[in-house]
file run33.tsv (TSV, C-alpha atoms)
chain	number	residue	atom	x	y	z
A	13	MET	CA	-13.80	24.70	6.58
A	14	GLN	CA	-10.21	23.52	6.67
A	15	ILE	CA	-8.99	20.29	5.05
A	16	GLN	CA	-5.52	18.79	5.30
A	17	VAL	CA	-4.51	17.07	2.06
A	18	LEU	CA	-1.68	14.53	2.09
A	19	LEU	CA	0.06	13.83	-1.20
A	20	PHE	CA	1.93	10.67	-2.10
A	21	GLY	CA	4.05	9.14	-4.85
A	22	ILE	CA	3.91	10.83	-8.21
A	23	VAL	CA	1.34	13.38	-7.01
A	24	ALA	CA	3.70	14.61	-4.30
A	25	ASP	CA	6.45	14.89	-6.92
A	26	LEU	CA	4.19	16.75	-9.37
A	27	VAL	CA	3.02	19.26	-6.76
A	28	GLY	CA	6.38	19.51	-5.00
A	29	GLU	CA	4.81	19.17	-1.55
A	30	ASP	CA	3.71	16.23	0.54
A	31	ARG	CA	0.87	18.11	2.24
A	32	VAL	CA	-1.26	21.14	1.57
A	33	SER	CA	-4.01	22.82	3.53
A	34	LEU	CA	-7.17	23.89	1.70
A	35	THR	CA	-10.08	26.05	2.71
A	36	ILE	CA	-13.25	24.72	1.16
A	37	GLU	CA	-16.90	25.51	1.68
A	38	LYS	CA	-18.95	23.52	4.19
A	39	ASN	CA	-20.37	20.13	3.12
A	40	SER	CA	-18.13	19.88	0.08
A	41	SER	CA	-17.77	16.46	-1.50
A	42	VAL	CA	-14.58	14.62	-2.41
A	43	LYS	CA	-15.40	15.43	-6.03
A	44	LYS	CA	-15.37	19.14	-5.27
A	45	LEU	CA	-12.06	18.84	-3.45
A	46	LYS	CA	-10.57	17.05	-6.47
A	47	LYS	CA	-11.70	19.89	-8.72
A	48	MET	CA	-10.23	22.43	-6.32
A	49	LEU	CA	-6.88	20.64	-6.31
A	50	CYS	CA	-6.97	20.51	-10.07
A	51	ASP	CA	-7.65	24.26	-10.28
A	52	GLN	CA	-5.02	25.13	-7.73
A	53	PHE	CA	-2.25	22.93	-9.11
A	54	GLU	CA	-1.67	23.25	-12.84
A	55	GLN	CA	0.50	20.09	-12.65
A	56	LEU	CA	-2.55	17.97	-11.81
A	57	LYS	CA	-4.60	19.12	-14.81
A	58	ASN	CA	-3.79	15.95	-16.72
A	59	TYR	CA	-3.43	13.60	-13.80
A	60	HIS	CA	-6.69	12.08	-12.58
A	61	THR	CA	-5.87	8.43	-11.96
A	62	TYR	CA	-5.85	8.60	-8.20
A	63	ALA	CA	-8.04	7.35	-5.39
A	64	VAL	CA	-8.92	9.40	-2.32
A	65	ALA	CA	-8.93	8.42	1.32
A	66	VAL	CA	-10.60	10.40	4.10
A	67	ASN	CA	-9.25	9.85	7.61
A	68	GLU	CA	-7.39	6.71	6.41
A	69	HIS	CA	-10.35	5.06	4.64
A	70	TYR	CA	-10.98	4.97	0.90
A	71	ALA	CA	-13.80	7.35	-0.05
A	72	GLN	CA	-15.86	7.82	-3.21
A	73	ASP	CA	-16.54	11.08	-5.07
A	74	ASP	CA	-19.88	11.66	-3.33
A	75	PHE	CA	-18.41	11.40	0.18
A	76	VAL	CA	-19.13	14.60	2.13
A	77	LEU	CA	-16.20	16.15	3.99
A	78	LYS	CA	-16.19	17.62	7.49
A	79	ASP	CA	-14.02	20.37	8.97
A	80	ARG	CA	-10.50	19.12	9.77
A	81	ASP	CA	-10.80	15.90	7.80
A	82	VAL	CA	-7.51	14.52	6.59
A	83	VAL	CA	-7.70	13.65	2.92
A	84	ALA	CA	-5.03	11.57	1.18
A	85	ILE	CA	-4.47	11.59	-2.56
A	86	ILE	CA	-3.55	8.04	-3.50
A	87	PRO	CA	-2.05	7.45	-6.94
A	88	PRO	CA	-2.09	3.82	-8.19
A	89	VAL	CA	-0.38	1.77	-5.50
A	90	SER	CA	2.62	-0.41	-6.25
A	91	GLY	CA	3.59	-2.20	-3.07
A	92	GLY	CA	4.78	-5.79	-2.89
B	10	MET	CA	-5.69	-9.85	16.88
B	11	LYS	CA	-3.59	-12.76	18.02
B	12	ASN	CA	-3.83	-14.67	14.73
B	13	ILE	CA	-2.62	-11.71	12.70
B	14	SER	CA	0.83	-10.16	12.50
B	15	ILE	CA	1.12	-6.91	10.53
B	16	LYS	CA	4.29	-4.93	10.11
B	17	LEU	CA	5.52	-1.96	8.09
B	18	THR	CA	9.16	-1.25	8.83
B	19	SER	CA	12.37	0.26	7.56
B	20	ASP	CA	14.23	-2.67	9.11
B	21	THR	CA	15.11	-5.83	7.17
B	22	LEU	CA	12.15	-8.22	7.06
B	23	SER	CA	12.58	-11.55	8.82
B	24	LEU	CA	11.41	-14.75	7.21
B	25	GLN	CA	12.06	-16.55	10.49
B	26	GLU	CA	9.84	-14.13	12.40
B	27	CYS	CA	6.92	-14.62	9.97
B	28	TYR	CA	7.38	-18.38	9.99
B	29	ALA	CA	7.56	-18.55	13.79
B	30	PHE	CA	4.42	-16.41	14.11
B	31	VAL	CA	2.21	-18.62	11.93
B	32	GLU	CA	3.61	-21.95	13.13
B	33	ASP	CA	0.92	-23.90	15.02
B	34	PRO	CA	0.62	-27.51	16.19
B	35	ALA	CA	-2.79	-27.71	14.49
B	36	CYS	CA	-1.46	-26.72	11.10
B	37	GLY	CA	-0.50	-29.17	8.39
B	38	GLY	CA	1.19	-26.68	6.17
B	39	ILE	CA	2.67	-23.21	5.96
B	40	ASP	CA	2.65	-21.20	2.75
B	41	VAL	CA	5.12	-18.34	2.45
B	42	PHE	CA	5.35	-15.75	-0.29
B	43	VAL	CA	8.54	-13.71	-0.40
B	44	GLY	CA	8.70	-10.72	-2.74
B	45	THR	CA	12.23	-9.86	-3.90
B	46	VAL	CA	13.63	-6.86	-5.75
B	47	ARG	CA	14.19	-7.76	-9.41
B	48	ASN	CA	17.11	-6.39	-11.39
B	49	HIS	CA	15.10	-5.40	-14.44
B	50	THR	CA	11.77	-3.99	-15.63
B	51	ALA	CA	10.92	-4.78	-19.24
B	52	LYS	CA	14.45	-4.50	-20.66
B	53	LYS	CA	15.80	-1.83	-18.37
B	54	THR	CA	18.28	-2.53	-15.61
B	55	VAL	CA	17.00	-1.59	-12.17
B	56	HIS	CA	19.50	-0.51	-9.50
B	57	GLN	CA	17.28	-0.07	-6.50
B	58	LEU	CA	13.71	0.56	-5.39
B	59	ASP	CA	12.47	3.15	-2.93
B	60	PHE	CA	9.27	2.20	-1.10
B	61	SER	CA	7.17	4.87	0.56
B	62	ALA	CA	3.87	4.40	2.35
B	63	TYR	CA	0.95	6.19	3.92
B	64	GLY	CA	1.86	4.37	7.11
B	65	PRO	CA	-1.27	4.46	9.30
B	66	MET	CA	-3.59	3.64	6.42
B	67	ALA	CA	-1.27	0.98	4.99
B	68	LEU	CA	-1.36	-0.81	8.35
B	69	LYS	CA	-5.17	-0.63	8.42
B	70	GLU	CA	-5.47	-1.98	4.88
B	71	MET	CA	-3.01	-4.80	5.60
B	72	GLU	CA	-4.98	-5.68	8.73
B	73	LYS	CA	-8.20	-5.70	6.67
B	74	ILE	CA	-6.67	-8.11	4.15
B	75	ALA	CA	-5.45	-10.39	6.92
B	76	SER	CA	-8.90	-10.43	8.57
B	77	GLN	CA	-10.58	-11.16	5.25
B	78	ALA	CA	-8.15	-14.01	4.60
B	79	LEU	CA	-8.96	-15.55	7.99
B	80	GLU	CA	-12.71	-15.17	7.39
B	81	THR	CA	-12.69	-16.48	3.83
B	82	TYR	CA	-10.25	-19.39	4.00
B	83	GLU	CA	-9.73	-22.23	6.44
B	84	VAL	CA	-6.46	-20.83	7.76
B	85	TYR	CA	-5.10	-20.39	11.30
B	86	LYS	CA	-2.67	-17.53	11.23
B	87	ILE	CA	-1.36	-14.96	8.83
B	88	ALA	CA	1.60	-12.60	8.82
B	89	ILE	CA	1.87	-9.71	6.37
B	90	HIS	CA	5.11	-7.75	6.65
B	91	HIS	CA	6.19	-4.98	4.29
B	92	ALA	CA	9.39	-2.94	4.11
B	93	GLU	CA	9.84	0.81	3.55
B	94	GLY	CA	12.80	2.78	2.24
B	95	ILE	CA	15.57	1.95	-0.21
B	96	LEU	CA	15.91	-1.71	-1.17
B	97	LYS	CA	18.63	-3.19	-3.35
B	98	ILE	CA	18.45	-6.07	-5.82
B	99	GLY	CA	17.52	-9.29	-4.01
B	100	ASP	CA	16.25	-7.50	-0.91
B	101	ILE	CA	12.81	-8.43	0.44
B	102	PRO	CA	10.01	-5.84	0.29
B	103	VAL	CA	7.20	-8.17	1.35
B	104	ILE	CA	6.60	-11.45	3.16
B	105	ILE	CA	3.24	-13.18	3.55
B	106	ALA	CA	3.03	-16.34	5.62
B	107	VAL	CA	-0.11	-18.40	6.18
B	108	SER	CA	-0.69	-21.56	8.17
B	109	ALA	CA	-3.57	-23.98	7.64
B	110	ALA	CA	-4.62	-27.54	8.35
B	111	HIS	CA	-4.51	-28.29	4.63
B	112	ARG	CA	-2.40	-26.91	1.81
B	113	ALA	CA	-5.14	-25.71	-0.55
B	114	ALA	CA	-6.44	-23.10	1.89
B	115	ALA	CA	-2.91	-21.91	2.69
B	116	PHE	CA	-2.06	-21.42	-1.00
B	117	ASP	CA	-5.38	-19.68	-1.71
B	118	ALA	CA	-5.15	-17.33	1.27
B	119	CYS	CA	-1.55	-16.44	0.49
B	120	LYS	CA	-2.37	-15.62	-3.14
B	121	PHE	CA	-5.42	-13.62	-2.07
B	122	ALA	CA	-3.32	-11.59	0.38
B	123	ILE	CA	-0.53	-10.64	-2.02
B	124	ASP	CA	-2.98	-9.88	-4.84
B	125	ARG	CA	-5.09	-7.61	-2.62
B	126	LEU	CA	-2.02	-5.95	-1.14
B	127	LYS	CA	-0.95	-4.92	-4.63
B	128	GLU	CA	-4.40	-3.40	-5.25
B	129	THR	CA	-5.34	-1.61	-2.05
B	130	VAL	CA	-2.45	-0.98	0.34
B	131	PRO	CA	-1.14	2.59	0.00
B	132	ILE	CA	2.50	1.80	-0.64
B	133	TRP	CA	4.41	3.08	-3.68
B	134	LYS	CA	7.68	2.10	-5.23
B	135	LYS	CA	10.02	4.17	-7.30
B	136	GLU	CA	12.37	2.33	-9.63
B	137	TYR	CA	15.86	3.72	-10.11
B	138	PHE	CA	17.57	3.09	-13.45
B	139	GLU	CA	20.96	4.22	-14.72
B	140	ASP	CA	19.33	7.13	-16.56
B	141	GLY	CA	16.52	8.12	-14.24
B	142	GLU	CA	13.72	7.05	-11.97
B	143	VAL	CA	10.03	6.33	-12.28
B	144	TRP	CA	7.04	5.70	-10.01
B	145	VAL	CA	5.79	2.20	-10.80
B	146	ASN	CA	2.18	2.03	-12.13
B	147	ALA	CA	1.78	5.80	-11.89
B	148	HIS	CA	0.39	5.96	-15.43
B	149	PRO	CA	-1.70	2.81	-15.85
call {"tool": "encode", "arguments": {"input": "run33.tsv", "output": "structure tokens"}}
result
Amino acid sequence: MQIQVLLFGIVADLVGEDRVSLTIEKNSSVKKLKKMLCDQFEQLKNYHTYAVAVNEHYAQDDFVLKDRDVVAIIPPVSGG
Amino acid sequence: MKNISIKLTSDTLSLQECYAFVEDPACGGIDVFVGTVRNHTAKKTVHQLDFSAYGPMALKEMEKIASQALETYEVYKIAIHHAEGILKIGDIPVIIAVSAAHRAAAFDACKFAIDRLKETVPIWKKEYFEDGEVWVNAHP
């Protein structure tokens, strides 16, 4: 299945893109997607302090993804 | 919701707009928090900040905070406005205004809102120094 991944802040800078599209096997969890990102982007090997949102809601590692979900990688926020 | 005003904009934030929104004949006090861009971090001189956001989710999270504030505290109305883009020293990245019958609830709700905003709303700032730039909090 196909997952859109939006990148923000330092993660976007590290990867050099603000969105990537990943093909991942059916019923994959957020945890699996994180591992895939880590494998695909050398720059993220040592950067793990981010949260994940699925379709604009924060999601935990065990959250199961569906085809065409939009995942956002959210490094520590610093608004205000 | 008519008691909540949420905004994420690249325009200049308006204190008057937030104040006017929360003003209510039933309220006995209005508490306003205004965030301003500081000219230093630790001992380094800051020239400007660049705020970026995951817009649609930031709006949802701000709305959530506002709803929670109204449910938790005895307050009438709340405005949470945040700016995006480049801001210079003294500019205003965030305004939170709360009206209540009594001051304690207004202070509490206002503090709750700004504290939560800094924890959950997907907005990031980059600080620009003379010799470089850095994402704030990126390496906690």
call {"tool": "atom_distance", "arguments": {"input": "run33.tsv", "atom1": "CA of Ala35 in chain B", "atom2": "CA of Ala109 in chain B"}}
result
7.8 Å
call {"tool": "interface_residues", "arguments": {"input": "run33.tsv", "of": "chain A", "to": "chain B", "cutoff": "6 Å", "atoms": "all atoms listed in the file", "output": "VMD selection string"}}
result
chain A and resid 68 88 to 92
call {"tool": "closest_residue", "arguments": {"input": "run33.tsv", "among": "B:His111, B:Ile98, B:Arg125, B:Met71", "to": "Val84 in chain B", "atoms": "all atoms listed in the file"}}
result
B:His111
call {"tool": "atom_distance", "arguments": {"input": "run33.tsv", "atom1": "CA of Ala118 in chain B", "atom2": "CA of Ala88 in chain B"}}
result
11.2 Å
call {"tool": "atom_distance", "arguments": {"input": "run33.tsv", "atom1": "CA of Gly38 in chain B", "atom2": "CA of Leu22 in chain B"}}
result
21.5 Å
